[in-house]
Amino acid sequence: MKDFQPIAMLAHIPFLLVVNNDLPVKSVAELIKYAKDNPGKLSFGSGGVGASHHLYGELFKTLTGTEMTHVPYKGTVPALNDLIAGHIQVLFADSPPMLPQIKSGKVRALGVTTGKRIPAAPDIPAIAETVPSFDSAPWQMLAAPSGTPALVIDVLHTEMTAYVASPEGQRKLMDMGLLPGAPTPPAELAKFVAKEVDAWGQVVQKAGIAGIE
């Protein structure tokens with residue numbers, strides 16, 4: 001918050017909730033019921049403690065009142081491999097590398113973390129269709145060191161938001177499974193970051209992983 005000055009929101013990265021094909025659930029509602037009916041039987045993977053995959057799992061547990069065991073890996077690929085092999089049953093992962101795995105039938109997609117379905121995968125429901133308060137996606141933002149002249153910030157903001165809004169920018173981002181960012185002014189982006197720090201800080205505290213690197 002003190003070291004960086006937001007410039008422009010480039011894109012949001014929807015995460016997908018996927019499960020092993022042998023798990024007898026085909027929807028978010030069925031996953032919640034299965035978790036409650038089989039306490040202690042589900043494990044969810046992540047790319048490491050505190051990674052987005054981990055925090056989405058913790059958020060899901062909190063909002064649904066379910067219990068799942070967290071299994072951290074050194075990156076998304078080994079977590080995905082163990083999901084396919086059935087060593088873990090659940091994984092939250094970013095959409096660009098996950099969509100090909102879903103299309104090839106290697107894993108089953110239950111939902112997307114954004115409040116609405118995404119253009120790259122319109123058949124996958126939003127988790128929010130079952131858990132209304134679940135609406136989030138990691139974001140990519142252009143920023144500069146604090147103290148950067150306002151004129152520089154303004155010029156960069158204008159140029160970047162214009163490209164993101166252009167047909168080429170929209171197409172390239174959506175082809176990668178990303179959601180193009182809105183032309184939010186830098187001052188509003190700073191408020192957005194502050195809210196994100198607070199909201200995810202609460203998830204981190206509740207998960208008991210504060211201070212872990």
# chains A, B, ... in the order shown; residues from 1 in each chain; ligands from 1

call {"tool": "select_by_dssp", "arguments": {"residues": "stretch 2-106 of chain A", "states": "strand (DSSP E or B)", "output": "list of chain:residue names"}}
result
A:Phe4, A:Gln5, A:Pro6, A:Ile7, A:Ala8, A:Met9, A:Leu10, A:Ala11, A:His12, A:Phe15, A:Leu16, A:Leu17, A:Val18, A:Val19, A:Ser43, A:Phe44, A:Gly45, A:Ser46, A:Thr69, A:His70, A:Val71, A:Pro72, A:Val90, A:Leu91, A:Phe92, A:Ala93, A:Asp94

call {"tool": "residues_around", "arguments": {"residues": "A:Glu196", "least_positions_apart": "4", "cutoff": "12 Å", "atoms": "only C-alpha atoms", "output": "JSON, numbers by chain"}}
result
{"A": [1, 136, 137, 138, 139, 189, 190, 191, 192, 200, 201, 202, 203, 204]}

call {"tool": "write_last_selection", "arguments": {"atoms": "all heavy atoms", "output": "mmCIF file, in the first residue's frame"}}
result
data_model
loop_
_atom_site.group_PDB
_atom_site.id
_atom_site.type_symbol
_atom_site.label_atom_id
_atom_site.label_comp_id
_atom_site.auth_asym_id
_atom_site.auth_seq_id
_atom_site.Cartn_x
_atom_site.Cartn_y
_atom_site.Cartn_z
ATOM 1 N N MET A 1 0.826 -1.204 0.000
ATOM 2 C CA MET A 1 0.000 0.000 0.000
ATOM 3 C C MET A 1 0.864 1.260 0.000
ATOM 4 O O MET A 1 0.484 2.269 -0.573
ATOM 5 C CB MET A 1 -0.921 0.000 1.224
ATOM 6 C CG MET A 1 -2.034 -1.044 1.184
ATOM 7 S SD MET A 1 -3.093 -0.839 -0.246
ATOM 8 C CE MET A 1 -3.742 0.793 0.069
ATOM 9 N N SER A 136 -14.847 -13.762 -6.780
ATOM 10 C CA SER A 136 -13.487 -13.233 -6.704
ATOM 11 C C SER A 136 -12.635 -13.805 -7.822
ATOM 12 O O SER A 136 -12.886 -14.903 -8.317
ATOM 13 C CB SER A 136 -12.853 -13.575 -5.348
ATOM 14 O OG SER A 136 -11.535 -13.067 -5.263
ATOM 15 N N ALA A 137 -11.627 -13.044 -8.224
ATOM 16 C CA ALA A 137 -10.638 -13.526 -9.193
ATOM 17 C C ALA A 137 -9.349 -12.751 -8.980
ATOM 18 O O ALA A 137 -9.377 -11.528 -8.801
ATOM 19 C CB ALA A 137 -11.138 -13.326 -10.622
ATOM 20 N N PRO A 138 -8.212 -13.434 -8.962
ATOM 21 C CA PRO A 138 -6.940 -12.712 -8.872
ATOM 22 C C PRO A 138 -6.832 -11.697 -9.996
ATOM 23 O O PRO A 138 -7.438 -11.866 -11.063
ATOM 24 C CB PRO A 138 -5.897 -13.826 -9.029
ATOM 25 C CG PRO A 138 -6.588 -15.053 -8.548
ATOM 26 C CD PRO A 138 -8.020 -14.888 -8.997
ATOM 27 N N TRP A 139 -6.059 -10.661 -9.768
ATOM 28 C CA TRP A 139 -5.977 -9.591 -10.755
ATOM 29 C C TRP A 139 -4.525 -9.269 -11.107
ATOM 30 O O TRP A 139 -3.604 -9.523 -10.337
ATOM 31 C CB TRP A 139 -6.673 -8.316 -10.248
ATOM 32 C CG TRP A 139 -6.515 -8.047 -8.769
ATOM 33 C CD1 TRP A 139 -7.355 -8.454 -7.767
ATOM 34 C CD2 TRP A 139 -5.448 -7.338 -8.117
ATOM 35 N NE1 TRP A 139 -6.885 -8.031 -6.545
ATOM 36 C CE2 TRP A 139 -5.719 -7.343 -6.720
ATOM 37 C CE3 TRP A 139 -4.306 -6.691 -8.577
ATOM 38 C CZ2 TRP A 139 -4.888 -6.739 -5.789
ATOM 39 C CZ3 TRP A 139 -3.456 -6.081 -7.654
ATOM 40 C CH2 TRP A 139 -3.758 -6.116 -6.272
ATOM 41 N N LEU A 189 -8.338 2.531 -7.853
ATOM 42 C CA LEU A 189 -7.606 1.271 -7.776
ATOM 43 C C LEU A 189 -6.894 1.134 -6.429
ATOM 44 O O LEU A 189 -6.808 0.047 -5.870
ATOM 45 C CB LEU A 189 -6.588 1.169 -8.916
ATOM 46 C CG LEU A 189 -7.153 0.925 -10.312
ATOM 47 C CD1 LEU A 189 -6.025 0.928 -11.340
ATOM 48 C CD2 LEU A 189 -7.920 -0.389 -10.374
ATOM 49 N N ALA A 190 -6.393 2.253 -5.918
ATOM 50 C CA ALA A 190 -5.733 2.221 -4.607
ATOM 51 C C ALA A 190 -6.720 1.802 -3.520
ATOM 52 O O ALA A 190 -6.380 1.032 -2.614
ATOM 53 C CB ALA A 190 -5.128 3.588 -4.288
ATOM 54 N N LYS A 191 -7.963 2.282 -3.611
ATOM 55 C CA LYS A 191 -8.996 1.880 -2.647
ATOM 56 C C LYS A 191 -9.333 0.402 -2.806
ATOM 57 O O LYS A 191 -9.554 -0.306 -1.825
ATOM 58 C CB LYS A 191 -10.249 2.737 -2.848
ATOM 59 C CG LYS A 191 -10.051 4.217 -2.539
ATOM 60 C CD LYS A 191 -11.339 4.994 -2.814
ATOM 61 C CE LYS A 191 -11.137 6.485 -2.557
ATOM 62 N NZ LYS A 191 -12.367 7.262 -2.868
ATOM 63 N N PHE A 192 -9.355 -0.058 -4.060
ATOM 64 C CA PHE A 192 -9.642 -1.468 -4.334
ATOM 65 C C PHE A 192 -8.576 -2.363 -3.710
ATOM 66 O O PHE A 192 -8.888 -3.373 -3.077
ATOM 67 C CB PHE A 192 -9.704 -1.694 -5.845
ATOM 68 C CG PHE A 192 -9.701 -3.141 -6.258
ATOM 69 C CD1 PHE A 192 -10.849 -3.915 -6.158
ATOM 70 C CD2 PHE A 192 -8.538 -3.731 -6.750
ATOM 71 C CE1 PHE A 192 -10.833 -5.261 -6.527
ATOM 72 C CE2 PHE A 192 -8.524 -5.067 -7.114
ATOM 73 C CZ PHE A 192 -9.669 -5.826 -7.017
ATOM 74 N N TRP A 200 -8.638 -10.434 2.133
ATOM 75 C CA TRP A 200 -7.813 -11.644 2.111
ATOM 76 C C TRP A 200 -7.016 -11.800 3.393
ATOM 77 O O TRP A 200 -6.680 -12.912 3.796
ATOM 78 C CB TRP A 200 -6.915 -11.649 0.883
ATOM 79 C CG TRP A 200 -7.690 -11.948 -0.364
ATOM 80 C CD1 TRP A 200 -7.971 -11.101 -1.380
ATOM 81 C CD2 TRP A 200 -8.318 -13.186 -0.711
ATOM 82 N NE1 TRP A 200 -8.740 -11.717 -2.340
ATOM 83 C CE2 TRP A 200 -8.957 -12.997 -1.955
ATOM 84 C CE3 TRP A 200 -8.390 -14.435 -0.091
ATOM 85 C CZ2 TRP A 200 -9.672 -14.018 -2.585
ATOM 86 C CZ3 TRP A 200 -9.099 -15.449 -0.720
ATOM 87 C CH2 TRP A 200 -9.732 -15.234 -1.953
ATOM 88 N N GLY A 201 -6.727 -10.681 4.047
ATOM 89 C CA GLY A 201 -6.066 -10.766 5.351
ATOM 90 C C GLY A 201 -6.925 -11.515 6.351
ATOM 91 O O GLY A 201 -6.419 -12.296 7.169
ATOM 92 N N GLN A 202 -8.236 -11.305 6.266
ATOM 93 C CA GLN A 202 -9.150 -12.021 7.164
ATOM 94 C C GLN A 202 -9.154 -13.516 6.862
ATOM 95 O O GLN A 202 -9.210 -14.346 7.774
ATOM 96 C CB GLN A 202 -10.561 -11.444 7.020
ATOM 97 C CG GLN A 202 -10.698 -10.017 7.535
ATOM 98 C CD GLN A 202 -12.116 -9.497 7.399
ATOM 99 O OE1 GLN A 202 -13.077 -10.212 7.635
ATOM 100 N NE2 GLN A 202 -12.262 -8.240 7.008
ATOM 101 N N VAL A 203 -9.103 -13.879 5.564
ATOM 102 C CA VAL A 203 -9.041 -15.295 5.195
ATOM 103 C C VAL A 203 -7.760 -15.933 5.719
ATOM 104 O O VAL A 203 -7.767 -17.037 6.263
ATOM 105 C CB VAL A 203 -9.127 -15.463 3.658
ATOM 106 C CG1 VAL A 203 -8.935 -16.920 3.258
ATOM 107 C CG2 VAL A 203 -10.456 -14.954 3.138
ATOM 108 N N VAL A 204 -6.652 -15.201 5.577
ATOM 109 C CA VAL A 204 -5.351 -15.702 6.044
ATOM 110 C C VAL A 204 -5.368 -15.909 7.561
ATOM 111 O O VAL A 204 -4.891 -16.929 8.053
ATOM 112 C CB VAL A 204 -4.233 -14.714 5.646
ATOM 113 C CG1 VAL A 204 -2.935 -15.033 6.387
ATOM 114 C CG2 VAL A 204 -3.998 -14.755 4.141
#

call {"tool": "residues_around", "arguments": {"residues": "stretch 85-94 of chain A", "least_positions_apart": "4", "cutoff": "8 Å", "atoms": "only C-alpha atoms", "output": "PyMOL selection string"}}
result
chain A and resi 13-20+22-23+42-46+53-54+56-57+71+76+79-81+98

call {"tool": "closest_residue", "arguments": {"among": "A:Leu63, A:Leu179, A:Val107, A:Val152", "to": "A:Ile84", "atoms": "only C-alpha atoms"}}
result
A:Val107

call {"tool": "atom_distance", "arguments": {"atom1": "atom CA of A:Ala109", "atom2": "atom CA of A:Val49"}}
result
22.8 Å

call {"tool": "closest_residue", "arguments": {"among": "A:Gly181, A:Val25, A:Ile124, A:Asp198", "to": "A:Val164", "atoms": "only C-alpha atoms"}}
result
A:Gly181

call {"tool": "select_by_dssp", "arguments": {"residues": "stretch 13-172 of chain A", "states": "alpha helix (DSSP H)", "output": "ChimeraX atom specification"}}
result
/A:28-37,52-64,76-85,95-103,150-165,167-172

call {"tool": "closest_residue", "arguments": {"among": "A:Ala29, A:Lys2, A:Pro180, A:Leu83", "to": "A:Ala126", "atoms": "only C-alpha atoms"}}
result
A:Ala29
